[in-house]
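Just below is one structure, and these are the notes that go with it.
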Amino acid sequence: MKIIQKALAFVGLLSLCALFIYALQDAPTDENFETKLINDYNVYALQVPDDLNFAGEPMPLDNPDILERMDRELLVNTYWQSNGLLMFKRAKKYFPVIEPILARNGVPDDFKYLAVIESGLTNAVSPAGARGVWQIMPATGRENGLEVNKNVDERYHLEKATEVACKYLLEAKNKLGSWTLSAAAYNAGKAGISKRLKEQGVSDYYDLLLGEETGRYLFRIVALKEILSNPKKYGFNFRDKDLYANIPTYKVEVDTAVTDFTQFAARFGINYKLLKLHNPWLREPHLNNKSRKQYYVEIPKDGYYSLN
């Protein structure tokens with residue numbers, strides 16, 4: 001019996017030694033770390049497609065400067081993977097709202113990618129005072145019929161803000177002559193782009209010497225267009241159910257003051273947070289509405305949220 005016990009103990013010791021040696025071999029040592037990293041993750045140079053365009057206007061990619069700048073934006077946005085996945089997720093939610101408004105106004109569909117680079121399809125706030133998905137400045141909003149104050153800020157109203165963006169882009173196209181310059185003007189202003197064209201004696205965006213932000217602007221738009229249109233090509237893998245859904249809502253007309261939006265929301269079986277989520281243009285927990293203006297408040301349909 002003792003002999004058998006000793007034999008079993010010896011076998012067990014050998015097994016432990018073997019596991020220990022295996023663990024040491026598999027551990028991330030300096031010698032094998034690079035091999036494991038290379039096998040698990042690869043970074044590739046990207047081939048810039050030779051037929052890239054914005055709103056049907058081709059990019060002059062035979063120009064080495066233009067090619068390099070386009071290559072930069074494709075690389076930056078392809079390998080910023082977390083941001084890229086978020087853009088795919090949000091696009092599924094917000095593009096169906098934006099696309100028909102662009103089409104109805106005669107603005108090319110490619111301008112939805114301008115909204116992507118302006119705000120990441122969020123209600124962003126810029127240091128300069130621009131707000132919302134389309135990053136509209138207060139004066140531009142008011143000049144184009146949006147209500148902008150502490151109580152109500154319709155720059156956060158996606159449909160209305162998209163209408164204003166369309167109006168601006170159409171005016172810029174008529175003034176500057178191309179959709180590419182119209183897009184650049186959205187960043188630098190119609191007067192700003194017009195002035196630069198005159199100063200430098202050129203007529204095309206790709207011939208202009210511009211500052212960093214406006215100089216990258218169109219390249220970033222086209223890069224996002226290319227990546228979001230070809231997810232597999234650029235290594236993005238997801239299922240349709242991984243993307244964000246646009247929650248169905250119905251509109252409730254409001255033409256009086258609302259003293260308490262918490263109580264207002266409760267009447268429709270939701271809470272204040274959900275009311276604000278679907279109506280970010282309501283900036284305070286009440287609505288002044290001294291003029292008895294007609295507003296439409298979005299209420300999510302039953303069954304899409306579970307409330308405690």
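Ordering of the structure tokens sets the chain letters (A, B, ...); residue numbers start at 1 within each chain; ligands are numbered from 1 in the order shown.
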
Select from segment 97-288 of chain A everything DSSP, run on the backbone, classes as strand (DSSP E), then give the selection as a short mmCIF file (atom, residue, chain, number, x, y, z; two decimals) with all heavy atoms, in the first residue's frame.
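Dumped everything to states_7.cif:
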```
data_model
loop_
_atom_site.label_atom_id
_atom_site.label_comp_id
_atom_site.auth_asym_id
_atom_site.auth_seq_id
_atom_site.Cartn_x
_atom_site.Cartn_y
_atom_site.Cartn_z
N THR A 249 -42.64 56.94 -31.70
CA THR A 249 -43.30 57.92 -30.83
C THR A 249 -44.58 58.42 -31.48
O THR A 249 -44.82 58.19 -32.66
CB THR A 249 -42.39 59.14 -30.56
OG1 THR A 249 -42.12 59.80 -31.81
CG2 THR A 249 -41.08 58.73 -29.90
N TYR A 250 -45.39 59.12 -30.70
CA TYR A 250 -46.53 59.85 -31.25
C TYR A 250 -46.47 61.27 -30.70
O TYR A 250 -45.83 61.54 -29.68
CB TYR A 250 -47.85 59.17 -30.90
CG TYR A 250 -48.16 59.06 -29.43
CD1 TYR A 250 -48.93 60.03 -28.78
CD2 TYR A 250 -47.71 57.98 -28.68
CE1 TYR A 250 -49.23 59.94 -27.42
CE2 TYR A 250 -48.00 57.87 -27.32
CZ TYR A 250 -48.76 58.85 -26.70
OH TYR A 250 -49.04 58.76 -25.36
N LYS A 251 -47.12 62.20 -31.40
CA LYS A 251 -47.01 63.61 -31.04
C LYS A 251 -48.21 64.06 -30.22
O LYS A 251 -49.35 63.71 -30.54
CB LYS A 251 -46.91 64.47 -32.31
CG LYS A 251 -45.66 64.19 -33.15
CD LYS A 251 -45.63 65.09 -34.38
CE LYS A 251 -44.51 64.71 -35.34
NZ LYS A 251 -43.19 64.90 -34.74
N VAL A 252 -47.92 64.85 -29.20
CA VAL A 252 -48.97 65.45 -28.38
C VAL A 252 -48.88 66.97 -28.57
O VAL A 252 -47.82 67.57 -28.34
CB VAL A 252 -48.80 65.08 -26.90
CG1 VAL A 252 -49.78 65.88 -26.03
CG2 VAL A 252 -49.01 63.59 -26.70
N GLU A 253 -49.97 67.57 -29.00
CA GLU A 253 -49.99 69.01 -29.22
C GLU A 253 -50.07 69.75 -27.88
O GLU A 253 -50.87 69.39 -27.01
CB GLU A 253 -51.18 69.39 -30.10
CG GLU A 253 -51.24 70.87 -30.44
CD GLU A 253 -52.43 71.21 -31.33
OE1 GLU A 253 -52.93 70.31 -32.04
OE2 GLU A 253 -52.85 72.38 -31.30
N VAL A 254 -49.24 70.78 -27.74
CA VAL A 254 -49.24 71.61 -26.53
C VAL A 254 -49.27 73.07 -26.97
O VAL A 254 -48.36 73.54 -27.66
CB VAL A 254 -47.99 71.35 -25.67
CG1 VAL A 254 -47.95 72.30 -24.47
CG2 VAL A 254 -47.95 69.90 -25.20
#
```

Checklist entry - So which residues touch segment 86-94 of chain A within 12 Å, counting only C-alpha atoms, skipping near sequence neighbours fewer than 3 positions away, as an MDAnalysis selection string? => result chainID A and resid 77:78 80:83 97:101 112:113 115:117 119:123 133 158:159 162 224:225 227:232 236:248

Item to check | Near-Trp179 of chain A list (10 Å; only C-alpha atoms; drop same-chain fewer than 5 positions) as a list in words | outcome: Phe54, Ala55, Gly56, Glu57, Val107, Pro108, Asp110, Phe111, Leu169, Leu170, Ala172, Lys173, Asn174, Ala184 and Ala185 of chain A

Output file for the selection above: N, CA and C atoms, as a PDB file, in the first residue's frame:
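Saved as result-v5.pdb:
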```
ATOM      1  N   PHE A  54     -17.814  63.349 -53.434  1.00  0.00           N
ATOM      2  CA  PHE A  54     -18.778  63.908 -52.497  1.00  0.00           C
ATOM      3  C   PHE A  54     -19.933  64.485 -53.292  1.00  0.00           C
ATOM      4  N   ALA A  55     -21.136  63.976 -53.039  1.00  0.00           N
ATOM      5  CA  ALA A  55     -22.350  64.425 -53.728  1.00  0.00           C
ATOM      6  C   ALA A  55     -22.181  64.376 -55.244  1.00  0.00           C
ATOM      7  N   GLY A  56     -21.489  63.336 -55.713  1.00  0.00           N
ATOM      8  CA  GLY A  56     -21.274  63.159 -57.143  1.00  0.00           C
ATOM      9  C   GLY A  56     -20.134  63.971 -57.718  1.00  0.00           C
ATOM     10  N   GLU A  57     -19.488  64.778 -56.906  1.00  0.00           N
ATOM     11  CA  GLU A  57     -18.348  65.593 -57.358  1.00  0.00           C
ATOM     12  C   GLU A  57     -17.057  64.860 -57.002  1.00  0.00           C
ATOM     13  N   VAL A 107     -31.311  68.271 -51.263  1.00  0.00           N
ATOM     14  CA  VAL A 107     -29.921  68.251 -50.802  1.00  0.00           C
ATOM     15  C   VAL A 107     -29.390  66.824 -50.930  1.00  0.00           C
ATOM     16  N   PRO A 108     -28.232  66.620 -51.531  1.00  0.00           N
ATOM     17  CA  PRO A 108     -27.712  65.261 -51.717  1.00  0.00           C
ATOM     18  C   PRO A 108     -27.609  64.476 -50.405  1.00  0.00           C
ATOM     19  N   ASP A 110     -25.417  62.576 -49.355  1.00  0.00           N
ATOM     20  CA  ASP A 110     -24.085  62.563 -48.734  1.00  0.00           C
ATOM     21  C   ASP A 110     -23.965  63.539 -47.568  1.00  0.00           C
ATOM     22  N   PHE A 111     -24.841  64.518 -47.496  1.00  0.00           N
ATOM     23  CA  PHE A 111     -24.733  65.508 -46.421  1.00  0.00           C
ATOM     24  C   PHE A 111     -25.097  64.931 -45.056  1.00  0.00           C
ATOM     25  N   LEU A 169     -27.301  75.038 -46.625  1.00  0.00           N
ATOM     26  CA  LEU A 169     -26.498  74.349 -47.640  1.00  0.00           C
ATOM     27  C   LEU A 169     -26.943  74.708 -49.052  1.00  0.00           C
ATOM     28  N   LEU A 170     -28.240  74.863 -49.254  1.00  0.00           N
ATOM     29  CA  LEU A 170     -28.745  75.269 -50.566  1.00  0.00           C
ATOM     30  C   LEU A 170     -28.302  76.691 -50.909  1.00  0.00           C
ATOM     31  N   ALA A 172     -25.630  78.161 -49.777  1.00  0.00           N
ATOM     32  CA  ALA A 172     -24.185  78.109 -50.029  1.00  0.00           C
ATOM     33  C   ALA A 172     -23.892  77.549 -51.414  1.00  0.00           C
ATOM     34  N   LYS A 173     -24.657  76.542 -51.821  1.00  0.00           N
ATOM     35  CA  LYS A 173     -24.463  75.960 -53.166  1.00  0.00           C
ATOM     36  C   LYS A 173     -24.756  77.006 -54.245  1.00  0.00           C
ATOM     37  N   ASN A 174     -25.824  77.759 -54.072  1.00  0.00           N
ATOM     38  CA  ASN A 174     -26.171  78.792 -55.050  1.00  0.00           C
ATOM     39  C   ASN A 174     -25.117  79.893 -55.105  1.00  0.00           C
ATOM     40  N   ALA A 184     -17.955  72.879 -47.276  1.00  0.00           N
ATOM     41  CA  ALA A 184     -16.874  73.620 -46.630  1.00  0.00           C
ATOM     42  C   ALA A 184     -17.399  74.882 -45.966  1.00  0.00           C
ATOM     43  N   ALA A 185     -18.376  75.522 -46.621  1.00  0.00           N
ATOM     44  CA  ALA A 185     -18.969  76.740 -46.068  1.00  0.00           C
ATOM     45  C   ALA A 185     -19.736  76.463 -44.778  1.00  0.00           C
TER      46      ALA A 185
END
```

List the neighbours of Ile299 of chain A out to 12 Å using only C-alpha atoms; skip same-chain residues closer than 6 positions along the sequence, and give me the result as a CSV table (one decimal) with N, CA and C atoms, in the first residue's frame.
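Below you can see part.csv, which holds the result:
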```csv
chain,number,residue,atom,x,y,z
A,247,ILE,N,-36.9,54.6,-31.4
A,247,ILE,CA,-38.1,54.2,-30.7
A,247,ILE,C,-39.3,54.9,-31.3
A,248,PRO,N,-40.3,54.2,-31.7
A,248,PRO,CA,-41.5,54.9,-32.2
A,248,PRO,C,-42.2,55.8,-31.2
A,249,THR,N,-42.6,56.9,-31.7
A,249,THR,CA,-43.3,57.9,-30.8
A,249,THR,C,-44.6,58.4,-31.5
A,250,TYR,N,-45.4,59.1,-30.7
A,250,TYR,CA,-46.5,59.8,-31.2
A,250,TYR,C,-46.5,61.3,-30.7
A,251,LYS,N,-47.1,62.2,-31.4
A,251,LYS,CA,-47.0,63.6,-31.0
A,251,LYS,C,-48.2,64.1,-30.2
A,252,VAL,N,-47.9,64.8,-29.2
A,252,VAL,CA,-49.0,65.5,-28.4
A,252,VAL,C,-48.9,67.0,-28.6
A,253,GLU,N,-50.0,67.6,-29.0
A,253,GLU,CA,-50.0,69.0,-29.2
A,253,GLU,C,-50.1,69.8,-27.9
A,264,PHE,N,-46.6,66.2,-16.2
A,264,PHE,CA,-47.0,66.1,-17.6
A,264,PHE,C,-46.6,64.7,-18.1
A,265,ALA,N,-45.4,64.3,-17.9
A,265,ALA,CA,-44.9,63.0,-18.4
A,265,ALA,C,-45.7,61.8,-17.8
A,266,ALA,N,-46.0,62.0,-16.5
A,266,ALA,CA,-46.7,60.9,-15.8
A,266,ALA,C,-48.1,60.6,-16.4
A,267,ARG,N,-48.7,61.7,-17.0
A,267,ARG,CA,-50.0,61.5,-17.6
A,267,ARG,C,-50.0,60.5,-18.8
A,268,PHE,N,-48.8,60.4,-19.4
A,268,PHE,CA,-48.6,59.5,-20.5
A,268,PHE,C,-47.8,58.2,-20.2
A,269,GLY,N,-47.7,58.0,-18.9
A,269,GLY,CA,-47.1,56.7,-18.5
A,269,GLY,C,-45.6,56.7,-18.6
A,270,ILE,N,-44.9,57.8,-18.6
A,270,ILE,CA,-43.5,57.9,-18.7
A,270,ILE,C,-42.9,58.8,-17.6
A,271,ASN,N,-41.6,58.8,-17.4
A,271,ASN,CA,-41.0,59.7,-16.5
A,271,ASN,C,-40.4,60.9,-17.2
A,272,TYR,N,-39.9,61.9,-16.4
A,272,TYR,CA,-39.3,63.1,-16.9
A,272,TYR,C,-38.1,62.8,-17.7
A,273,LYS,N,-37.3,61.8,-17.3
A,273,LYS,CA,-36.1,61.5,-18.1
A,273,LYS,C,-36.4,61.1,-19.5
A,274,LEU,N,-37.4,60.2,-19.7
A,274,LEU,CA,-37.8,59.8,-21.0
A,274,LEU,C,-38.4,60.9,-21.8
A,275,LEU,N,-39.2,61.8,-21.2
A,275,LEU,CA,-39.7,62.9,-21.9
A,275,LEU,C,-38.6,63.8,-22.5
A,276,LYS,N,-37.6,64.0,-21.6
A,276,LYS,CA,-36.4,64.8,-22.1
A,276,LYS,C,-35.6,64.1,-23.2
A,277,LEU,N,-35.5,62.8,-23.0
A,277,LEU,CA,-34.7,62.0,-24.0
A,277,LEU,C,-35.3,62.2,-25.4
A,278,HIS,N,-36.6,62.2,-25.5
A,278,HIS,CA,-37.3,62.3,-26.8
A,278,HIS,C,-37.6,63.8,-27.2
A,279,ASN,N,-37.4,64.7,-26.3
A,279,ASN,CA,-37.6,66.1,-26.6
A,279,ASN,C,-36.5,67.0,-26.0
A,305,TYR,N,-40.3,50.9,-23.1
A,305,TYR,CA,-39.6,51.1,-21.9
A,305,TYR,C,-40.2,50.4,-20.8
```

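In this model, the gap between atom CA of Glu171 of chain A and atom CA of Leu102 of chain A comes to 14.0 Å.
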
Item to check | Atomic separation - atom CA of Met70 of chain A relative to atom CA of Tyr206 of chain A, Å | outcome: 11.3 Å

Item to check | Shell of 9 Å around Ile193 of chain A, only C-alpha atoms, local chain residues under 3 positions omitted, as JSON, numbers by chain | outcome: {"A": [176, 181, 182, 184, 185, 188, 189, 190, 196, 197, 198, 205]}

Checklist entry - Looking only at the backbone, which of the residues in segment 27-103 of chain A does DSSP tag as alpha helix (DSSP H), as a ChimeraX atom specification? => result /A:30-40,64-78,81-103

Checklist entry - What is the atom CA of Thr262 of chain A to atom CA of His286 of chain A distance in Å? => result 8.7 Å

Can you tell me which residues surround Glu147 of chain A at a distance of at most 10 Å, considering only C-alpha atoms, apart from same-chain residues fewer than 6 positions away, and format the answer as a compact mmCIF listing (two decimals) with N, CA, C and O atoms, in the first residue's frame?
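Result file is part_21.txt:
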```txt
# COMPACT_ATOMS: atom_id res chain seq x y z
N PRO A 138 -26.42 80.10 -32.39
CA PRO A 138 -27.67 80.75 -31.98
C PRO A 138 -28.24 81.70 -33.04
O PRO A 138 -29.43 81.63 -33.36
N GLY A 141 -29.66 79.88 -36.05
CA GLY A 141 -30.93 79.25 -35.71
C GLY A 141 -32.07 80.26 -35.73
O GLY A 141 -33.12 80.02 -36.35
N ASP A 153 -34.97 75.39 -26.96
CA ASP A 153 -33.88 75.55 -27.93
C ASP A 153 -34.08 74.51 -29.03
O ASP A 153 -33.75 73.33 -28.87
N GLU A 154 -34.64 74.98 -30.16
CA GLU A 154 -34.99 74.06 -31.23
C GLU A 154 -33.80 73.63 -32.08
O GLU A 154 -33.97 72.84 -33.01
N ARG A 155 -32.60 74.08 -31.73
CA ARG A 155 -31.41 73.51 -32.37
C ARG A 155 -31.25 72.04 -31.98
O ARG A 155 -30.58 71.27 -32.66
N TRP A 281 -35.10 69.48 -26.97
CA TRP A 281 -35.28 70.92 -27.20
C TRP A 281 -36.01 71.59 -26.05
O TRP A 281 -35.99 72.83 -25.93
```

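The protein and nucleic acid residues lying at most 12 Å from Val148 of chain A are Gly129, Ala130, Arg131, Gly132, Ile136, Met137, Pro138, Ala139, Thr140, Gly141, Arg142, Glu143, Asn144, Gly145, Asn151, Val152, Asp153, Glu154, Arg155, Tyr156, His157, Ala161, Trp281, Leu282 and Arg283 of chain A, with only C-alpha atoms considered and sequence neighbours fewer than 3 positions away removed.
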
Can you write out the residues you just picked, keeping C-alpha atoms, as a compact mmCIF listing (two decimals), in the first residue's frame?
```txt
# COMPACT_ATOMS: atom_id res chain seq x y z
CA GLY A 129 -21.90 78.01 -28.78
CA ALA A 130 -23.08 75.65 -31.52
CA ARG A 131 -25.62 73.06 -30.43
CA GLY A 132 -27.30 69.87 -31.56
CA ILE A 136 -26.11 75.35 -35.35
CA MET A 137 -25.05 78.69 -33.88
CA PRO A 138 -27.67 80.75 -31.98
CA ALA A 139 -27.87 83.55 -34.57
CA THR A 140 -28.14 81.09 -37.48
CA GLY A 141 -30.93 79.25 -35.71
CA ARG A 142 -32.93 82.40 -34.98
CA GLU A 143 -32.39 83.79 -38.50
CA ASN A 144 -33.91 80.60 -39.87
CA GLY A 145 -36.96 80.47 -37.64
CA ASN A 151 -36.64 77.60 -22.03
CA VAL A 152 -36.80 76.18 -25.57
CA ASP A 153 -33.88 75.55 -27.93
CA GLU A 154 -34.99 74.06 -31.23
CA ARG A 155 -31.41 73.51 -32.37
CA TYR A 156 -31.85 70.28 -30.40
CA HIS A 157 -34.95 69.38 -32.45
CA ALA A 161 -32.50 71.60 -37.26
CA TRP A 281 -35.28 70.92 -27.20
CA LEU A 282 -37.25 71.38 -23.95
CA ARG A 283 -34.48 72.91 -21.87
```

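Closest to Val164 of chain A among A:Asn187, A:Asn149, A:Ser126, A:Gln135 is A:Gln135, based on only C-alpha atoms.
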
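Distance annotation: of A:Gln200, A:Gln47, A:Thr180, A:Ser194, the residue with the minimal separation from Arg72 of chain A is A:Gln47; atom set is only C-alpha atoms.
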